[in-house]
Every structure is written in structure tokens, then in C-alpha cells.
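Data block for query34.cif (mmCIF, C-alpha atoms):
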data_model
#
loop_
_atom_site.label_atom_id
_atom_site.label_comp_id
_atom_site.auth_asym_id
_atom_site.auth_seq_id
_atom_site.Cartn_x
_atom_site.Cartn_y
_atom_site.Cartn_z
CA MET V 1 -21.81 -25.63 -21.41
CA HIS V 2 -19.86 -22.65 -20.09
CA ARG V 3 -21.85 -21.46 -17.09
CA ALA V 4 -21.65 -17.96 -15.68
CA PRO V 5 -20.33 -17.49 -12.13
CA PRO V 6 -23.20 -16.89 -9.68
CA ALA V 7 -22.05 -13.42 -8.61
CA ILE V 8 -21.92 -12.25 -12.21
CA VAL V 9 -25.28 -13.72 -13.15
CA ARG V 10 -27.02 -11.50 -10.61
CA ALA V 11 -25.39 -8.34 -11.91
CA ARG V 12 -27.75 -5.78 -13.43
CA PRO V 13 -27.51 -2.23 -14.75
CA HIS V 14 -29.26 0.55 -12.85
CA SER V 15 -32.52 -0.60 -14.42
CA GLY V 16 -33.65 -2.93 -17.16
CA ARG V 17 -33.07 -6.62 -17.67
CA ALA V 18 -30.48 -8.68 -15.84
CA LEU V 19 -26.94 -9.03 -17.02
CA GLY V 20 -27.27 -12.78 -16.79
CA HIS V 21 -25.48 -13.06 -20.11
CA PHE V 22 -22.99 -10.31 -19.31
CA GLY V 23 -24.55 -7.78 -21.67
CA ILE V 24 -26.32 -4.49 -21.08
CA GLY V 25 -29.52 -4.66 -23.05
CA PRO V 26 -31.94 -1.80 -22.23
CA MET V 27 -32.45 0.54 -25.14
CA TRP V 28 -32.39 3.55 -22.81
CA MET V 29 -28.76 2.84 -22.02
CA VAL V 30 -27.88 2.71 -25.70
CA CYS V 31 -29.62 6.08 -26.16
CA CYS V 32 -27.63 7.54 -23.27
CA LEU V 33 -24.43 6.24 -24.79
CA ILE V 34 -25.23 7.96 -28.05
CA LEU V 35 -26.09 11.25 -26.39
CA TRP V 36 -22.82 11.21 -24.47
CA ALA V 37 -20.85 10.46 -27.60
CA GLY V 38 -21.41 13.94 -29.02
CA CYS V 39 -23.59 15.87 -31.40
CA GLY V 40 -22.32 14.57 -34.74
CA GLY V 41 -24.94 12.33 -36.31
CA ARG V 42 -22.43 10.10 -38.06
CA ALA V 43 -20.50 9.44 -34.84
CA GLU V 44 -23.73 8.70 -32.97
CA VAL V 45 -24.84 6.09 -35.48
CA SER V 46 -21.40 4.49 -35.42
CA VAL V 47 -21.39 4.18 -31.65
CA GLU V 48 -24.94 2.83 -31.61
CA GLN V 49 -24.18 0.20 -34.22
CA LYS V 50 -20.98 -0.94 -32.54
CA PHE V 51 -22.58 -1.12 -29.11
CA LEU V 52 -25.64 -3.02 -30.31
CA GLY V 53 -23.38 -5.29 -32.34
CA ALA V 54 -21.32 -6.11 -29.26
CA VAL V 55 -24.46 -6.80 -27.19
CA THR V 56 -25.81 -9.11 -29.89
CA ALA V 57 -22.47 -10.88 -30.28
CA PHE V 58 -22.32 -11.41 -26.51
CA ASP V 59 -25.76 -13.02 -26.45
CA ARG V 60 -24.71 -15.37 -29.24
CA ALA V 61 -21.26 -16.19 -27.85
CA GLY V 62 -20.69 -19.69 -26.55
CA THR V 63 -16.96 -20.21 -26.14
CA PRO V 64 -14.16 -18.26 -24.42
CA GLU V 65 -12.85 -17.33 -27.87
CA ASP V 66 -16.25 -15.86 -28.79
CA PHE V 67 -16.35 -13.77 -25.63
CA LEU V 68 -12.79 -12.59 -26.23
CA ARG V 69 -13.89 -11.30 -29.64
CA VAL V 70 -16.78 -9.50 -27.94
CA ALA V 71 -14.31 -7.83 -25.56
CA GLY V 72 -12.40 -6.72 -28.65
CA MET V 73 -15.57 -5.17 -30.07
CA TYR V 74 -15.98 -3.07 -26.94
CA GLN V 75 -12.30 -2.14 -27.18
CA GLU V 76 -12.94 -0.78 -30.67
CA ILE V 77 -15.54 1.57 -29.18
CA LEU V 78 -13.04 2.74 -26.56
CA ASP V 79 -10.24 3.13 -29.10
CA ALA V 80 -12.53 5.33 -31.19
CA GLY V 81 -12.54 7.83 -28.33
CA PHE V 82 -15.86 6.94 -26.72
CA VAL V 83 -15.19 6.35 -23.02
CA SER V 84 -18.09 5.02 -20.98
CA GLY V 85 -18.53 3.12 -17.76
CA ALA V 86 -21.15 0.95 -19.48
CA VAL V 87 -18.68 -0.06 -22.20
CA TYR V 88 -15.96 -0.91 -19.67
CA PHE V 89 -18.52 -2.78 -17.54
CA ASN V 90 -19.66 -4.93 -20.46
CA GLN V 91 -16.10 -5.49 -21.59
CA GLY V 92 -15.21 -6.75 -18.12
CA ASN V 93 -18.15 -9.16 -18.29
CA ALA V 94 -16.94 -10.45 -21.65
CA PHE V 95 -13.42 -10.93 -20.30
CA MET V 96 -14.79 -12.89 -17.34
CA ARG V 97 -16.65 -15.23 -19.67
CA ALA V 98 -13.46 -15.56 -21.72
CA ASP V 99 -11.60 -16.76 -18.58
CA GLN V 100 -9.48 -13.58 -18.61
CA ARG V 101 -9.89 -12.60 -14.97
CA GLY V 102 -7.00 -10.16 -14.90
CA ARG V 103 -8.27 -8.20 -17.88
CA ALA V 104 -11.78 -8.24 -16.41
CA ILE V 105 -10.46 -6.62 -13.22
CA ALA V 106 -8.79 -3.87 -15.27
CA ALA V 107 -12.03 -3.21 -17.17
CA TYR V 108 -14.12 -3.15 -13.98
CA ARG V 109 -11.66 -0.78 -12.29
CA GLN V 110 -11.94 1.64 -15.20
CA ALA V 111 -15.72 1.29 -15.21
CA LYS V 112 -15.82 2.34 -11.55
CA ARG V 113 -14.35 5.72 -12.50
CA TYR V 114 -17.63 6.43 -14.29
CA ARG V 115 -20.06 4.25 -12.27
CA PRO V 116 -18.70 4.53 -8.71
CA ARG V 117 -21.97 3.65 -6.93
CA ASP V 118 -23.13 0.79 -9.16
CA PRO V 119 -23.72 -2.17 -6.77
CA TYR V 120 -23.72 -4.70 -9.61
CA LEU V 121 -20.36 -3.48 -10.84
CA ASP V 122 -19.07 -3.77 -7.28
CA ALA V 123 -20.38 -7.35 -7.08
CA ASN V 124 -18.70 -8.31 -10.35
CA LEU V 125 -15.43 -6.71 -9.30
CA ARG V 126 -15.45 -8.51 -5.96
CA TYR V 127 -16.09 -11.81 -7.71
CA ALA V 128 -13.27 -11.17 -10.20
CA LEU V 129 -10.85 -10.23 -7.44
CA GLY V 130 -11.60 -13.37 -5.44
CA SER V 131 -8.59 -13.95 -3.22
CA ALA V 132 -6.25 -11.78 -5.29
CA PRO V 133 -3.89 -9.59 -3.20
CA GLY V 134 -5.35 -6.19 -2.38
CA THR V 135 -4.06 -2.85 -3.47
CA ALA V 136 -2.16 -0.40 -1.28
CA ALA V 137 -3.76 1.13 1.80
CA ARG V 138 -6.11 4.05 1.25
CA PRO V 139 -4.16 7.35 1.13
CA PHE V 140 -4.86 9.97 3.79
CA VAL V 141 -6.10 12.44 1.17
CA GLU V 142 -9.02 10.12 0.40
CA TYR V 143 -10.16 10.38 4.02
CA VAL V 144 -10.15 14.18 3.69
CA LEU V 145 -11.92 14.04 0.31
CA PHE V 146 -14.31 11.43 1.66
CA TRP V 147 -16.70 11.75 -1.29
CA GLN V 148 -13.96 10.76 -3.75
CA ASP V 149 -15.44 7.36 -4.54
CA TRP V 150 -19.06 8.55 -4.48
CA ILE V 151 -18.91 10.81 -7.53
CA SER V 152 -17.83 9.84 -11.03
CA TYR V 153 -14.60 11.13 -12.52
CA PRO V 154 -16.28 13.48 -15.08
CA ALA V 155 -18.85 14.70 -12.54
CA LYS V 156 -16.07 16.04 -10.31
CA PHE V 157 -14.88 18.34 -13.08
CA TYR V 158 -18.42 19.50 -13.81
CA ALA V 159 -19.01 20.19 -10.12
CA ALA V 160 -15.75 22.12 -9.83
CA GLY V 161 -16.58 24.21 -12.91
CA TRP V 162 -20.08 25.08 -11.71
CA SER V 163 -18.78 25.90 -8.26
CA VAL V 164 -16.16 28.29 -9.63
CA ALA V 165 -18.79 29.95 -11.82
CA ALA V 166 -21.17 30.29 -8.87
CA THR V 167 -18.40 31.75 -6.71
CA PHE V 168 -17.60 34.31 -9.39
CA LEU V 169 -21.25 35.38 -9.65
CA LEU V 170 -21.56 35.61 -5.88
CA ALA V 171 -18.41 37.76 -5.75
CA LEU V 172 -19.91 40.11 -8.32
CA ALA V 173 -23.12 40.30 -6.30
CA ALA V 174 -21.08 41.08 -3.17
CA LEU V 175 -19.67 44.17 -4.92
CA TRP V 176 -23.19 45.56 -5.23
CA LEU V 177 -24.43 44.20 -1.92
CA PRO V 178 -21.46 44.67 0.41
CA ALA V 179 -23.19 43.20 3.43
CA PRO V 180 -21.12 40.99 5.79
CA LEU V 181 -23.41 38.06 5.04
CA TRP V 182 -22.60 38.20 1.33
CA ARG V 183 -18.87 38.26 2.04
CA ARG V 184 -19.23 35.16 4.21
CA VAL V 185 -21.17 33.42 1.49
CA VAL V 186 -18.44 34.23 -1.03
CA VAL V 187 -15.74 32.91 1.30
CA ILE V 188 -17.68 29.67 1.86
CA ALA V 189 -18.27 29.27 -1.87
CA ALA V 190 -14.58 29.86 -2.54
CA LEU V 191 -13.61 27.18 0.00
CA VAL V 192 -16.05 24.73 -1.59
CA SER V 193 -14.56 25.51 -5.01
CA VAL V 194 -11.05 24.87 -3.73
CA LEU V 195 -12.11 21.50 -2.32
CA LEU V 196 -13.87 20.50 -5.54
CA ILE V 197 -10.92 21.59 -7.66
CA GLY V 198 -8.64 19.57 -5.39
CA SER V 199 -10.95 16.58 -5.71
CA ALA V 200 -10.95 16.76 -9.51
CA GLY V 201 -7.21 17.33 -9.56
CA TYR V 202 -6.61 14.30 -7.36
CA ASP V 203 -8.64 12.13 -9.72
CA ALA V 204 -6.66 13.47 -12.68
CA TYR V 205 -3.47 12.56 -10.81
CA ARG V 206 -4.46 9.03 -9.84
CA PHE V 207 -6.23 8.17 -13.11
CA ASP V 208 -4.30 10.08 -15.79
CA PHE V 209 -0.85 10.58 -14.30
CA LEU V 210 -0.35 7.30 -12.41
CA GLU V 211 -0.37 4.03 -14.32
CA HIS V 212 -2.09 1.02 -12.84
CA GLY V 213 -1.95 -2.58 -13.91
CA VAL V 214 -2.95 -6.17 -13.26
CA VAL V 215 -1.31 -9.52 -13.91
CA VAL V 216 -3.15 -11.33 -16.73
CA ARG V 217 -1.37 -14.69 -16.62
CA ASP V 218 -0.91 -17.33 -13.95
CA SER V 219 2.39 -17.92 -12.12
CA VAL V 220 4.27 -14.86 -13.37
CA THR V 221 7.77 -14.52 -11.90
CA ALA V 222 8.93 -11.00 -11.07
CA TYR V 223 12.67 -10.37 -11.28
CA LYS V 224 15.07 -7.89 -9.70
CA GLY V 225 15.99 -6.63 -13.16
CA ASN V 226 14.51 -6.48 -16.65
CA ALA V 227 15.71 -9.93 -17.73
CA GLU V 228 15.18 -13.53 -16.68
CA SER V 229 18.87 -13.75 -15.77
CA TYR V 230 18.17 -11.71 -12.61
CA GLU V 231 17.09 -13.28 -9.35
CA PRO V 232 13.37 -13.47 -8.57
CA ALA V 233 12.14 -10.38 -6.75
CA PHE V 234 9.57 -12.26 -4.66
CA THR V 235 9.52 -15.64 -2.99
CA GLU V 236 6.43 -16.73 -4.95
CA PRO V 237 5.17 -16.10 -8.50
CA LEU V 238 2.37 -13.58 -9.05
CA ASN V 239 -1.07 -14.97 -9.76
CA GLN V 240 -3.52 -13.66 -12.34
CA GLY V 241 -5.53 -10.78 -10.90
CA THR V 242 -2.70 -9.32 -8.80
CA GLU V 243 -2.94 -5.52 -9.02
CA PHE V 244 -0.01 -3.11 -8.96
CA ARG V 245 1.31 0.35 -9.76
CA ALA V 246 3.27 0.49 -13.02
CA LEU V 247 6.41 2.54 -12.48
CA GLN V 248 8.55 2.22 -15.58
CA GLN V 249 8.70 0.37 -18.89
CA ARG V 250 12.01 -0.75 -20.32
CA GLY V 251 11.74 -2.68 -23.56
CA ASN V 252 9.41 -5.64 -23.03
CA TRP V 253 9.49 -5.33 -19.25
CA TRP V 254 7.56 -3.35 -16.65
CA LEU V 255 8.80 -2.31 -13.24
CA ILE V 256 5.83 -2.74 -10.92
CA ARG V 257 5.09 -1.94 -7.27
CA LEU V 258 2.77 -4.13 -5.26
CA ALA V 259 0.89 -3.19 -2.11
CA GLY V 260 3.52 -2.85 0.60
CA SER V 261 6.09 -1.16 -1.71
CA ASN V 262 7.51 -4.44 -3.05
CA GLU V 263 8.96 -3.90 -6.53
CA GLY V 264 9.98 -6.19 -9.37
CA TRP V 265 10.22 -6.48 -13.15
CA VAL V 266 7.67 -8.53 -15.10
CA PRO V 267 7.29 -9.32 -18.83
CA ALA V 268 5.04 -6.82 -20.61
CA ASP V 269 2.96 -9.58 -22.18
CA ALA V 270 2.09 -10.95 -18.72
CA VAL V 271 0.40 -7.77 -17.50
CA MET V 272 -2.14 -5.18 -18.57
CA VAL V 273 -1.33 -1.56 -17.80
CA TYR V 274 -4.00 1.15 -17.93
#
Structure encoded using C-alpha cells:
Amino acid sequence: MHRAPPAIVRARPHSGRALGHFGIGPMWMVCCLILWAGCGGRAEVSVEQKFLGAVTAFDRAGTPEDFLRVAGMYQEILDAGFVSGAVYFNQGNAFMRADQRGRAIAAYRQAKRYRPRDPYLDANLRYALGSAPGTAARPFVEYVLFWQDWISYPAKFYAAGWSVAATFLLALAALWLPAPLWRRVVVIAALVSVLLIGSAGYDAYRFDFLEHGVVVRDSVTAYKGNAESYEPAFTEPLNQGTEFRALQQRGNWWLIRLAGSNEGWVPADAVMVY
């Protein structure tokens, strides 16, 4: 019998039953998924059916191959344009049960963009990472924007938009009420808007502009060029779960950068880039 790792068994969504079988079961979450998908009835039904189908398939899965098919079902939802932290979270759970630790890490990382404060997601990610090499040191900008990992990626854009709108309305009010206090309020609101816009822009840069990746096979040799005829770039092969920045693709090879600015070329089928 394929038993679930202890750290994963204890994982739960924000409420509802445990994720002991790596599936998110509460009907309220399915309803939320549908509401987020959009207003078209046909699209809503499609998302609901696919999500419930994946949950059911997960509960019935018994082999790594079964769980890999479940991960593919969640991928179909993502490929259809429905992006959700819950879908990525469940896909990561399916990958873990399929013994695809590298792909699970990639799914959990993407889930954290939408569920940054989920303690169960954090527990699953820590378990998947294990002793895998860490990512690069935290950039200075993330100390300035200290809330960066507290708020979800979409929420930052909503907050920035509402802040700009509020600043505009306050500026209009200041034209009719030209008291010094109102001008100070407008200046403060403008500064807050600038910070929130910068926060959203930084997320867009690190999530949409930069490409991240993870090694999905064991003992992957990185080379100094995009062919096996080159010398190895590192003294030891890369293990599954090693995370990196993807810099350039050339044919069936990726140039990657590890924490510490070490670079090398790896086969494209040995990594997952997202």
C-alpha cells in the first residue's frame, strides 16, 4: 500500500475535511472556484465538473500512475485558463503521491502566489523540499515591501487599483475643501498608492517576467554548454527538487542559475520551468 508522508497527511484547507488523501473536498471550495471562474454558466459547469472529477479520481487512485493522471486532470483545468491556488495545491498533492517531488514543488510554489498564508500549503512545501538546496537569498526590495508574501498575487493588484481610485476621489475632495489636512491626506494616499503599485509591479516582474524552474529527475548533470560534449558545470549532479532561475532555452536545453549565481545547461526533459 502506498502510504502518504506524515507531513502531507496533516495538510488541510482553510476549513473542511483533512487532505489526508491529497484532495480538497469541501463543497464550499468548489463553489468558490466556480464563482472565480467567471460569469458564463457553461464555463462554470465545466470547471465544477472537472474539479469534482479530479477530486473523485484522487480518492480512488492507488498507484503512482493513477495519481499522475489526476495531476493531469488538474493541469487541464489550468490549461483552460482557470488559475487557482486550490487547483495548484491539489495538483502538487497528486504529484507527491505520484513520486514526482520536483513537479510537486513547482505546483506548491505556484499555489503560494494565490494562498500565501496557508499553513498546510507551507507544511506540504517544506516536506517536498526536504533537504533540497534553497533558492537565492531574499532580495532587498522584499525587506522594503515586507508584506509581499502576506498578500496574494491578485489581491495586490486589487489593492493598488482601489488605492488609486481612493486617492483620486480624495484629490477631488481637496479641490472643494482646500484645508491643509486634506492636502496631507491626499499626499499620504498617493504615497500608499505608489507603494502598492510597486508591490504589484514587483510581483508581475518576479512571477510573469522571470522564469523559475525545478529539477524533476534524479542525478541530472549540468554542462558548461548546451550539449553533453561539454564539461560538467558543477562538481556533483543536481538532485530532484533543486530549484533555479531559468535564463535561456536553446533547443532541448535550458541555461539555469542556481542560488549563488552558479550557471549550467541542463536537458529540457529533466526540468520543469514555470
> Between atom CA of V:Gln240 and atom CA of V:Glu228, what is the spacing in Å?
Replying inline: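 Between atom CA of V:Glu228 and atom CA of V:Gln240 the gap is 19.2 Å.
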> Given the file above and the PyMOL selection byres ((chain V and resi 83) around 10), which residues are selected, and can you give them as an NGL selection string?
Replying inline: :V and (33 or 36-37 or 75 or 77-82 or 84-88 or 110-111 or 114)
>> Once the PyMOL selection byres ((chain V and resi 254-263) around 10) is applied to the coordinates I shared, what remains selected? I want it as a PyMOL selection string.
In response: chain V and resi 133-137+211-214+222-226+233-234+242-253+264-271+273
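In this model, the gap between atom CA of V:Gly201 and atom CA of V:Val215 comes to 27.8 Å.
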> Quick one: distance from atom CA of V:Ala123 to atom CA of V:Ala71 in Å, one decimal?
Replying inline: 19.5 Å
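With distances taken over all atoms listed in the file, V:Ala204 is the one residue among V:Leu210, V:Leu175, V:Met272, V:Ala204 lying closest to V:Ser152.
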> What do you get, as an MDAnalysis selection string, if you spell out every residue that the PyMOL selection byres ((chain V and resi 103) around 8) selects here?
Replying inline: chainID V and resid 92 95 100:102 104:107 214 216 241 272
Write a file of the selected residues as a compact mmCIF listing (two decimals), in the coordinates of the input, keeping C-alpha atoms.
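Printed below is part.txt as written:
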# COMPACT_ATOMS: atom_id res chain seq x y z
CA GLY V 92 -15.21 -6.75 -18.12
CA PHE V 95 -13.42 -10.93 -20.30
CA GLN V 100 -9.48 -13.58 -18.61
CA ARG V 101 -9.89 -12.60 -14.97
CA GLY V 102 -7.00 -10.16 -14.90
CA ALA V 104 -11.78 -8.24 -16.41
CA ILE V 105 -10.46 -6.62 -13.22
CA ALA V 106 -8.79 -3.87 -15.27
CA ALA V 107 -12.03 -3.21 -17.17
CA VAL V 214 -2.95 -6.17 -13.26
CA VAL V 216 -3.15 -11.33 -16.73
CA GLY V 241 -5.53 -10.78 -10.90
CA MET V 272 -2.14 -5.18 -18.57
>> Neighbouring residues of V:Ala160 were defined as those with any atom within 8 Å, considering all atoms listed in the file; residues of the same chain fewer than 5 positions away were excluded. Please report them as JSON, numbers by chain.
In response: {"V": [193, 196, 197, 200]}
Would you save the residues from that selection as a PDB file, in the frame of the given file, using C-alpha atoms?
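part_14.pdb, written as the output of this step:
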ATOM      1  CA  SER V 193     -14.560  25.510  -5.010  1.00  0.00           C
ATOM      2  CA  LEU V 196     -13.870  20.500  -5.540  1.00  0.00           C
ATOM      3  CA  ILE V 197     -10.920  21.590  -7.660  1.00  0.00           C
ATOM      4  CA  ALA V 200     -10.950  16.760  -9.510  1.00  0.00           C
TER       5      ALA V 200
END
> Nearest to V:Leu169 among V:Phe157, V:Asp118, V:Ala190, V:Ala57, with distances taken over only C-alpha atoms: which residue is it?
Replying inline: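 Of the candidates, the smallest distance to V:Leu169 is held by V:Ala190.
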> Which is closest to V:Asp99 among V:Pro119, V:Pro64, V:Gly198, V:Pro232, if we use only C-alpha atoms?
Replying inline: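 For V:Asp99, the nearest of the candidates is V:Pro64.
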>> When you count all atoms listed in the file, which of these residues is closest to V:Ala159: V:Ala54, V:Ala128, V:Ala174, V:Val194?
In response: V:Val194
